[in-house]
>>> print(open('data.pdb').read())   # PDB, C-alpha atoms
ATOM      1  CA  ALA W  64      47.336 -64.969  -2.374
ATOM      2  CA  ALA W  65      43.859 -66.496  -2.214
ATOM      3  CA  ALA W  66      44.059 -67.687  -5.834
ATOM      4  CA  THR W  67      47.534 -69.122  -5.316
ATOM      5  CA  ALA W  68      46.337 -70.931  -2.201
ATOM      6  CA  PHE W  69      43.320 -72.384  -3.993
ATOM      7  CA  PHE W  70      45.186 -73.569  -7.087
ATOM      8  CA  ALA W  71      48.029 -74.966  -4.948
ATOM      9  CA  SER W  72      45.517 -76.971  -2.912
ATOM     10  CA  PRO W  73      44.771 -80.585  -3.850
ATOM     11  CA  ILE W  74      41.373 -79.633  -5.331
ATOM     12  CA  GLY W  75      42.796 -76.695  -7.294
ATOM     13  CA  GLU W  76      45.693 -78.720  -8.672
ATOM     14  CA  ARG W  77      43.376 -81.595  -9.536
ATOM     15  CA  ALA W  78      40.855 -79.331 -11.286
ATOM     16  CA  LEU W  79      43.578 -77.734 -13.433
ATOM     17  CA  SER W  80      45.049 -81.127 -14.319
ATOM     18  CA  LEU W  81      41.609 -82.408 -15.283
ATOM     19  CA  GLU W  82      40.948 -79.343 -17.457
ATOM     20  CA  LEU W  83      44.216 -79.848 -19.329
ATOM     21  CA  ALA W  84      43.562 -83.563 -19.794
ATOM     22  CA  ALA W  85      40.048 -82.860 -21.084
ATOM     23  CA  ARG W  86      41.369 -80.336 -23.612
ATOM     24  CA  ARG W  87      43.798 -82.942 -24.922
ATOM     25  CA  ALA W  88      41.155 -85.669 -24.962
ATOM     26  CA  LEU W  89      38.636 -83.520 -26.843
ATOM     27  CA  GLN W  90      40.973 -83.400 -29.823
ATOM     28  CA  ASP W  91      39.596 -86.877 -30.548
ATOM     29  CA  GLU W  92      36.165 -86.615 -32.206
ATOM     30  CA  ALA W  93      35.002 -89.843 -30.545
ATOM     31  CA  VAL W  94      35.789 -88.406 -27.108
ATOM     32  CA  GLU W  95      34.025 -85.191 -28.069
ATOM     33  CA  ALA W  96      30.892 -87.158 -28.991
ATOM     34  CA  VAL W  97      31.011 -89.041 -25.674
ATOM     35  CA  ALA W  98      31.369 -85.754 -23.757
ATOM     36  CA  GLU W  99      28.407 -84.239 -25.614
ATOM     37  CA  ARG W 100      26.275 -87.276 -24.818
ATOM     38  CA  ALA W 101      27.411 -87.243 -21.183
ATOM     39  CA  TYR W 102      26.270 -83.646 -20.719
ATOM     40  CA  ALA W 103      22.986 -84.318 -22.502
ATOM     41  CA  ASP W 104      22.364 -87.329 -20.238
ATOM     42  CA  LEU W 105      22.985 -85.342 -17.042
ATOM     43  CA  ALA W 106      19.541 -83.717 -17.153
ATOM     44  CA  GLU W 107      17.910 -87.098 -16.715
ATOM     45  CA  GLU W 108      20.548 -89.105 -14.869
ATOM     46  CA  ASN W 109      21.989 -86.544 -12.464
ATOM     47  CA  PRO W 110      20.212 -83.175 -12.507
ATOM     48  CA  GLU W 111      22.119 -82.044  -9.409
ATOM     49  CA  ARG W 112      25.416 -82.521 -11.233
ATOM     50  CA  GLN W 113      24.065 -80.725 -14.294
ATOM     51  CA  ALA W 114      23.080 -77.833 -12.024
ATOM     52  CA  LEU W 115      26.650 -77.681 -10.693
ATOM     53  CA  ILE W 116      28.080 -77.574 -14.234
ATOM     54  CA  ASP W 117      25.541 -74.878 -15.133
ATOM     55  CA  ASP W 118      26.489 -72.912 -11.993
ATOM     56  CA  PHE W 119      30.191 -73.146 -12.849
ATOM     57  CA  VAL W 120      29.491 -71.797 -16.340
ATOM     58  CA  ALA W 121      27.354 -68.964 -14.974
ATOM     59  CA  VAL W 122      29.695 -67.952 -12.137
ATOM     60  CA  ASN W 123      32.654 -67.816 -14.505
ATOM     61  CA  ASP W 124      30.660 -66.218 -17.340
ATOM     62  CA  LEU W 125      32.114 -68.838 -19.662
ATOM     63  CA  VAL W 126      29.669 -68.562 -22.539
ATOM     64  CA  GLU W 127      29.694 -64.758 -22.775
ATOM     65  CA  SER W 128      33.436 -64.470 -22.253
ATOM     66  CA  ASN W 129      34.174 -67.103 -24.890
ATOM     67  CA  VAL W 130      31.712 -65.577 -27.365
ATOM     68  CA  MET W 131      33.244 -62.140 -26.859
ATOM     69  CA  GLY W 132      36.751 -63.549 -27.294
ATOM     70  CA  ALA W 133      35.837 -65.424 -30.470
ATOM     71  CA  LEU W 134      34.107 -62.402 -32.002
ATOM     72  CA  ASN W 135      37.063 -60.163 -31.154
ATOM     73  CA  ALA W 136      39.454 -62.715 -32.695
ATOM     74  CA  ASN W 137      37.317 -62.801 -35.838
ATOM     75  CA  LEU W 138      37.424 -59.010 -36.025
ATOM     76  CA  ALA W 139      41.196 -59.048 -35.539
ATOM     77  CA  PHE W 140      41.504 -61.537 -38.420
ATOM     78  CA  MET W 141      39.448 -59.274 -40.672
ATOM     79  CA  ARG W 142      41.522 -56.246 -39.668
ATOM     80  CA  GLY W 143      44.705 -58.153 -40.486
ATOM     81  CA  LEU W 144      43.248 -59.237 -43.798
ATOM     82  CA  ALA W 145      42.188 -55.683 -44.635
ATOM     83  CA  GLY W 146      45.629 -54.395 -43.653
ATOM     84  CA  SER W 147      47.436 -56.806 -45.980
ATOM     85  CA  GLY W 148      47.328 -54.331 -48.852
ATOM     86  CA  ASP W 149      45.063 -56.433 -51.066
ATOM     87  CA  GLU W 150      42.205 -54.184 -52.115
ATOM     88  CA  THR W 151      39.963 -57.257 -52.400
ATOM     89  CA  PHE W 152      39.899 -57.429 -48.604
ATOM     90  CA  ALA W 153      39.718 -53.719 -47.863
ATOM     91  CA  MET W 154      36.473 -52.743 -46.173
ATOM     92  CA  PRO W 155      35.275 -50.134 -43.727
ATOM     93  CA  GLU W 156      35.422 -50.990 -40.030
ATOM     94  CA  ALA W 157      31.624 -50.792 -39.833
ATOM     95  CA  ASP W 158      31.307 -53.538 -42.458
ATOM     96  CA  MET W 159      33.786 -55.716 -40.578
ATOM     97  CA  LEU W 160      31.820 -55.231 -37.363
ATOM     98  CA  ALA W 161      28.568 -56.064 -39.144
ATOM     99  CA  GLN W 162      30.015 -59.286 -40.577
ATOM    100  CA  VAL W 163      31.471 -60.339 -37.246
ATOM    101  CA  TRP W 164      28.279 -59.527 -35.371
ATOM    102  CA  ALA W 165      26.213 -61.434 -37.941
ATOM    103  CA  ALA W 166      28.119 -64.588 -36.932
ATOM    104  CA  GLU W 167      27.318 -64.115 -33.219
ATOM    105  CA  PRO W 168      24.422 -66.626 -33.060
ATOM    106  CA  GLU W 169      26.545 -69.340 -34.674
ATOM    107  CA  VAL W 170      29.544 -68.545 -32.466
ATOM    108  CA  ARG W 171      27.317 -68.623 -29.380
ATOM    109  CA  ALA W 172      25.836 -71.984 -30.370
ATOM    110  CA  GLU W 173      29.337 -73.401 -30.896
ATOM    111  CA  MET W 174      30.478 -72.133 -27.484
ATOM    112  CA  VAL W 175      27.460 -73.598 -25.706
ATOM    113  CA  ALA W 176      27.935 -76.888 -27.573
ATOM    114  CA  TRP W 177      31.578 -76.987 -26.470
ATOM    115  CA  VAL W 178      31.777 -75.562 -22.942
ATOM    116  CA  TYR W 179      29.178 -77.744 -21.209
ATOM    117  CA  PRO W 180      30.486 -81.080 -22.557
ATOM    118  CA  PHE W 181      34.061 -79.941 -21.880
ATOM    119  CA  LEU W 182      33.299 -79.225 -18.231
ATOM    120  CA  THR W 183      31.266 -82.410 -17.875
ATOM    121  CA  LEU W 184      34.236 -84.409 -19.114
ATOM    122  CA  ALA W 185      36.860 -82.436 -17.210
ATOM    123  CA  TYR W 186      35.127 -82.486 -13.844
ATOM    124  CA  GLN W 187      33.610 -85.976 -14.016
ATOM    125  CA  PRO W 188      36.243 -87.311 -11.558
ATOM    126  CA  LEU W 189      35.494 -84.524  -9.046
ATOM    127  CA  SER W 190      32.924 -85.158  -6.366
ATOM    128  CA  ASP W 191      29.973 -82.798  -6.106
ATOM    129  CA  ALA W 192      31.555 -81.375  -2.953
ATOM    130  CA  GLU W 193      34.844 -80.712  -4.771
ATOM    131  CA  LEU W 194      33.081 -79.053  -7.712
ATOM    132  CA  SER W 195      31.002 -76.999  -5.271
ATOM    133  CA  GLY W 196      34.254 -75.894  -3.632
ATOM    134  CA  TYR W 197      35.618 -74.785  -6.998
ATOM    135  CA  ILE W 198      32.404 -72.877  -7.675
ATOM    136  CA  ALA W 199      32.615 -71.255  -4.240
ATOM    137  CA  PHE W 200      36.186 -70.132  -4.964
ATOM    138  CA  SER W 201      35.107 -68.848  -8.390
ATOM    139  CA  GLU W 202      32.495 -66.640  -6.701
ATOM    140  CA  THR W 203      35.083 -64.909  -4.515
ATOM    141  CA  PRO W 204      36.767 -61.662  -5.560
ATOM    142  CA  ALA W 205      40.023 -63.609  -6.051
ATOM    143  CA  GLY W 206      38.268 -66.186  -8.219
ATOM    144  CA  GLN W 207      36.634 -63.482 -10.305
ATOM    145  CA  ARG W 208      39.994 -61.692 -10.750
ATOM    146  CA  VAL W 209      41.702 -64.917 -11.852
ATOM    147  CA  ASN W 210      38.950 -65.617 -14.349
ATOM    148  CA  ALA W 211      39.052 -62.061 -15.725
ATOM    149  CA  ALA W 212      42.852 -62.139 -15.985
ATOM    150  CA  MET W 213      42.766 -65.480 -17.765
ATOM    151  CA  PHE W 214      40.307 -64.210 -20.369
ATOM    152  CA  GLN W 215      42.272 -60.976 -20.831
ATOM    153  CA  ALA W 216      45.443 -62.967 -21.464
ATOM    154  CA  TYR W 217      43.780 -65.411 -23.860
ATOM    155  CA  ASP W 218      42.015 -62.605 -25.706
ATOM    156  CA  ALA W 219      45.213 -60.603 -26.164
ATOM    157  CA  LEU W 220      47.038 -63.677 -27.450
ATOM    158  CA  PHE W 221      44.254 -64.859 -29.762
ATOM    159  CA  ASP W 222      43.607 -61.353 -31.095
ATOM    160  CA  GLN W 223      47.261 -60.997 -32.062
ATOM    161  CA  ILE W 224      47.436 -64.473 -33.602
ATOM    162  CA  SER W 225      44.177 -63.899 -35.492
ATOM    163  CA  HIS W 226      45.357 -60.535 -36.781
ATOM    164  CA  ASP W 227      48.658 -62.017 -37.921
ATOM    165  CA  LEU W 228      46.884 -64.932 -39.617
ATOM    166  CA  GLY W 229      44.537 -62.565 -41.435
ATOM    167  CA  HIS W 230      47.447 -60.428 -42.564
ATOM    168  CA  ALA W 231      49.456 -63.462 -43.715
ATOM    169  CA  PHE W 232      46.454 -64.851 -45.585
ATOM    170  CA  GLY W 233      45.943 -61.521 -47.333
ATOM    171  CA  LEU W 234      49.591 -61.426 -48.336
ATOM    172  CA  ALA W 235      49.483 -65.024 -49.581
ATOM    173  CA  MET W 236      46.456 -64.219 -51.701
ATOM    174  CA  GLN W 237      48.511 -61.557 -53.458
ATOM    175  CA  GLY W 238      50.943 -64.172 -54.787
ATOM    176  CA  ASP W 239      51.621 -64.456 -58.488
ATOM    177  CA  ASP W 240      49.383 -66.623 -60.611
ATOM    178  CA  ILE W 241      51.199 -69.465 -62.328
TER     179      ILE W 241
END
>>> encode(input="data.pdb", output="structure tokens")
Amino acid sequence: AAATAFFASPIGERALSLELAARRALQDEAVEAVAERAYADLAEENPERQALIDDFVAVNDLVESNVMGALNANLAFMRGLAGSGDETFAMPEADMLAQVWAAEPEVRAEMVAWVYPFLTLAYQPLSDAELSGYIAFSETPAGQRVNAAMFQAYDALFDQISHDLGHAFGLAMQGDDI
């Protein structure tokens, strides 16, 4: 009920709309570059705003949750690939885990490079008070449950898609040579 009330409120609806618009906008590389620069400039131009973005990331565990999701999706892809029947891709689970874990620093860097500019772009129209209100909601048990449920849903979806892609790729690689 608390989550429904927040996201049905003007600030909740606006924040969700801004997040969706920012995701669409970031498909353009020029917009992505502007968002990256905007976050980088916050430290000097508006450190209070940068602190709010940093707080939002921390409260919602956005870096860790996204890194975990990406690594799990990568593992699912490798499992799908290994399960395709092509012996070229067969490997023990421990080797898959080692390969996935070896990519963790790069995945983490990519998540950090994406999440902060994304939020800077998405929440730019929000006032500091509105963003503080969103952070305050995110700190509540309801906010934490919504965030956890969202990541569980995304992870389940992306793990399945990644597995299926890995499996399909493995099958495609078994095609006949011309």
>>> resolve_selection(input="data.pdb", expression="the PyMOL selection byres ((chain W and resi 84) around 12)", output="VMD selection string")
chain W and resid 77 to 83 85 to 91 94 181 to 182 184 to 188
>>> atom_distance(input="data.pdb", atom1="atom CA of W:Val178", atom2="atom CA of W:Glu76")
20.2 Å
>>> residues_around(input="data.pdb", residues="W:His230", least_positions_apart="3", cutoff="6 Å", atoms="all atoms listed in the file", output="list in words")
Gly143, Leu144, Ser147, Asp227 and Gly233 of chain W
>>> write_last_selection(input="data.pdb", atoms="C-alpha atoms", output="compact mmCIF listing (two decimals), in the coordinates of the input")
# COMPACT_ATOMS: atom_id res chain seq x y z
CA GLY W 143 44.70 -58.15 -40.49
CA LEU W 144 43.25 -59.24 -43.80
CA SER W 147 47.44 -56.81 -45.98
CA ASP W 227 48.66 -62.02 -37.92
CA GLY W 233 45.94 -61.52 -47.33
>>> residues_around(input="data.pdb", residues="stretch 105-109 of chain W", least_positions_apart="3", cutoff="12 Å", atoms="all atoms listed in the file", output="CSV table (one decimal) with C-alpha atoms, keeping the file's coordinate frame")
chain,number,residue,atom,x,y,z
W,98,ALA,CA,31.4,-85.8,-23.8
W,99,GLU,CA,28.4,-84.2,-25.6
W,100,ARG,CA,26.3,-87.3,-24.8
W,101,ALA,CA,27.4,-87.2,-21.2
W,102,TYR,CA,26.3,-83.6,-20.7
W,112,ARG,CA,25.4,-82.5,-11.2
W,113,GLN,CA,24.1,-80.7,-14.3
W,114,ALA,CA,23.1,-77.8,-12.0
W,115,LEU,CA,26.6,-77.7,-10.7
W,116,ILE,CA,28.1,-77.6,-14.2
W,117,ASP,CA,25.5,-74.9,-15.1
W,179,TYR,CA,29.2,-77.7,-21.2
W,180,PRO,CA,30.5,-81.1,-22.6
W,183,THR,CA,31.3,-82.4,-17.9
W,184,LEU,CA,34.2,-84.4,-19.1
W,187,GLN,CA,33.6,-86.0,-14.0
W,191,ASP,CA,30.0,-82.8,-6.1
>>> residues_around(input="data.pdb", residues="W:Val170", least_positions_apart="5", cutoff="12 Å", atoms="all atoms listed in the file", output="PyMOL selection string")
chain W and resi 126-137+163-165+175-177
>>> atom_distance(input="data.pdb", atom1="atom CA of W:Ala66", atom2="atom CA of W:Asn123")
14.3 Å
>>> atom_distance(input="data.pdb", atom1="atom CA of W:Ala231", atom2="atom CA of W:Gln215")
24.1 Å
>>> residues_around(input="data.pdb", residues="W:Phe232", least_positions_apart="3", cutoff="12 Å", atoms="only C-alpha atoms", output="PyMOL selection string")
chain W and resi 140-149+152+225-229+235-238
>>> resolve_selection(input="data.pdb", expression="the PyMOL selection byres ((chain W and resi 70) around 12)", output="PyMOL selection string")
chain W and resi 64-69+71-80+196-197+200-201+205-206+209
>>> decode(input="data.pdb", residues="stretch 185-201 of chain W", atoms="all heavy atoms", output="short mmCIF file (atom, residue, chain, number, x, y, z; two decimals), in the first residue's frame")
data_model
loop_
_atom_site.label_atom_id
_atom_site.label_comp_id
_atom_site.auth_asym_id
_atom_site.auth_seq_id
_atom_site.Cartn_x
_atom_site.Cartn_y
_atom_site.Cartn_z
N ALA W 185 17.92 11.50 -15.69
CA ALA W 185 16.52 11.22 -15.37
C ALA W 185 15.96 12.20 -14.36
O ALA W 185 14.84 12.70 -14.54
CB ALA W 185 16.39 9.78 -14.83
N TYR W 186 16.70 12.50 -13.32
CA TYR W 186 16.16 13.30 -12.22
C TYR W 186 16.50 14.78 -12.32
O TYR W 186 16.16 15.54 -11.42
CB TYR W 186 16.62 12.73 -10.89
CG TYR W 186 16.19 11.30 -10.68
CD1 TYR W 186 16.97 10.41 -9.97
CD2 TYR W 186 14.98 10.83 -11.21
CE1 TYR W 186 16.57 9.09 -9.79
CE2 TYR W 186 14.59 9.52 -11.04
CZ TYR W 186 15.39 8.66 -10.33
OH TYR W 186 15.00 7.36 -10.17
N GLN W 187 17.12 15.20 -13.40
CA GLN W 187 17.47 16.61 -13.57
C GLN W 187 16.25 17.52 -13.39
O GLN W 187 16.35 18.56 -12.73
CB GLN W 187 18.14 16.83 -14.92
CG GLN W 187 18.67 18.22 -15.17
CD GLN W 187 17.61 19.16 -15.69
OE1 GLN W 187 16.69 18.79 -16.40
NE2 GLN W 187 17.73 20.43 -15.32
N PRO W 188 15.06 17.16 -13.91
CA PRO W 188 13.90 18.03 -13.71
C PRO W 188 13.35 18.05 -12.29
O PRO W 188 12.57 18.94 -11.95
CB PRO W 188 12.85 17.46 -14.67
CG PRO W 188 13.61 16.64 -15.65
CD PRO W 188 14.79 16.11 -14.89
N LEU W 189 13.73 17.08 -11.45
CA LEU W 189 13.22 17.05 -10.08
C LEU W 189 13.97 18.08 -9.23
O LEU W 189 15.18 18.26 -9.37
CB LEU W 189 13.41 15.67 -9.45
CG LEU W 189 12.66 14.49 -10.06
CD1 LEU W 189 12.99 13.21 -9.30
CD2 LEU W 189 11.16 14.74 -10.07
N SER W 190 13.27 18.68 -8.33
CA SER W 190 13.92 19.57 -7.37
C SER W 190 14.70 18.71 -6.37
O SER W 190 14.45 17.50 -6.26
CB SER W 190 12.88 20.41 -6.63
OG SER W 190 12.12 19.58 -5.76
N ASP W 191 15.58 19.34 -5.63
CA ASP W 191 16.31 18.61 -4.59
C ASP W 191 15.33 18.04 -3.55
O ASP W 191 15.52 16.92 -3.07
CB ASP W 191 17.34 19.51 -3.91
CG ASP W 191 18.54 19.80 -4.80
OD1 ASP W 191 18.66 19.21 -5.90
OD2 ASP W 191 19.38 20.63 -4.39
N ALA W 192 14.30 18.81 -3.25
CA ALA W 192 13.30 18.34 -2.28
C ALA W 192 12.56 17.11 -2.81
O ALA W 192 12.30 16.16 -2.06
CB ALA W 192 12.32 19.46 -1.94
N GLU W 193 12.22 17.12 -4.09
CA GLU W 193 11.53 15.97 -4.68
C GLU W 193 12.44 14.73 -4.69
O GLU W 193 12.00 13.63 -4.33
CB GLU W 193 11.06 16.28 -6.10
CG GLU W 193 9.92 17.29 -6.14
CD GLU W 193 9.62 17.77 -7.54
OE1 GLU W 193 10.58 18.00 -8.33
OE2 GLU W 193 8.42 17.95 -7.84
N LEU W 194 13.69 14.92 -5.08
CA LEU W 194 14.63 13.79 -5.08
C LEU W 194 14.87 13.30 -3.66
O LEU W 194 14.92 12.09 -3.42
CB LEU W 194 15.94 14.19 -5.76
CG LEU W 194 16.97 13.07 -5.94
CD1 LEU W 194 16.37 11.83 -6.61
CD2 LEU W 194 18.17 13.59 -6.73
N SER W 195 14.95 14.20 -2.71
CA SER W 195 15.09 13.80 -1.31
C SER W 195 13.89 12.99 -0.85
O SER W 195 14.02 12.03 -0.09
CB SER W 195 15.27 15.03 -0.42
OG SER W 195 16.49 15.66 -0.69
N GLY W 196 12.70 13.37 -1.32
CA GLY W 196 11.49 12.61 -0.99
C GLY W 196 11.53 11.21 -1.56
O GLY W 196 11.10 10.24 -0.91
N TYR W 197 12.05 11.07 -2.77
CA TYR W 197 12.18 9.75 -3.39
C TYR W 197 13.19 8.91 -2.61
O TYR W 197 12.97 7.73 -2.35
CB TYR W 197 12.59 9.92 -4.85
CG TYR W 197 12.43 8.70 -5.73
CD1 TYR W 197 12.74 8.77 -7.08
CD2 TYR W 197 11.98 7.47 -5.26
CE1 TYR W 197 12.60 7.68 -7.91
CE2 TYR W 197 11.83 6.37 -6.09
CZ TYR W 197 12.15 6.48 -7.42
OH TYR W 197 12.02 5.40 -8.25
N ILE W 198 14.28 9.53 -2.21
CA ILE W 198 15.29 8.83 -1.40
C ILE W 198 14.67 8.40 -0.08
O ILE W 198 14.87 7.25 0.36
CB ILE W 198 16.53 9.71 -1.19
CG1 ILE W 198 17.26 9.93 -2.51
CG2 ILE W 198 17.47 9.09 -0.14
CD1 ILE W 198 18.31 11.04 -2.49
N ALA W 199 13.92 9.28 0.55
CA ALA W 199 13.28 8.94 1.83
C ALA W 199 12.34 7.76 1.66
O ALA W 199 12.31 6.85 2.50
CB ALA W 199 12.53 10.16 2.38
N PHE W 200 11.55 7.74 0.57
CA PHE W 200 10.69 6.58 0.33
C PHE W 200 11.53 5.33 0.12
O PHE W 200 11.20 4.26 0.64
CB PHE W 200 9.78 6.79 -0.90
CG PHE W 200 9.12 5.52 -1.32
CD1 PHE W 200 8.09 4.97 -0.57
CD2 PHE W 200 9.57 4.83 -2.44
CE1 PHE W 200 7.51 3.76 -0.92
CE2 PHE W 200 9.01 3.62 -2.81
CZ PHE W 200 7.97 3.09 -2.05
N SER W 201 12.61 5.45 -0.64
CA SER W 201 13.47 4.30 -0.93
C SER W 201 14.06 3.69 0.33
O SER W 201 14.36 2.49 0.36
CB SER W 201 14.60 4.71 -1.89
OG SER W 201 14.08 5.09 -3.14
#
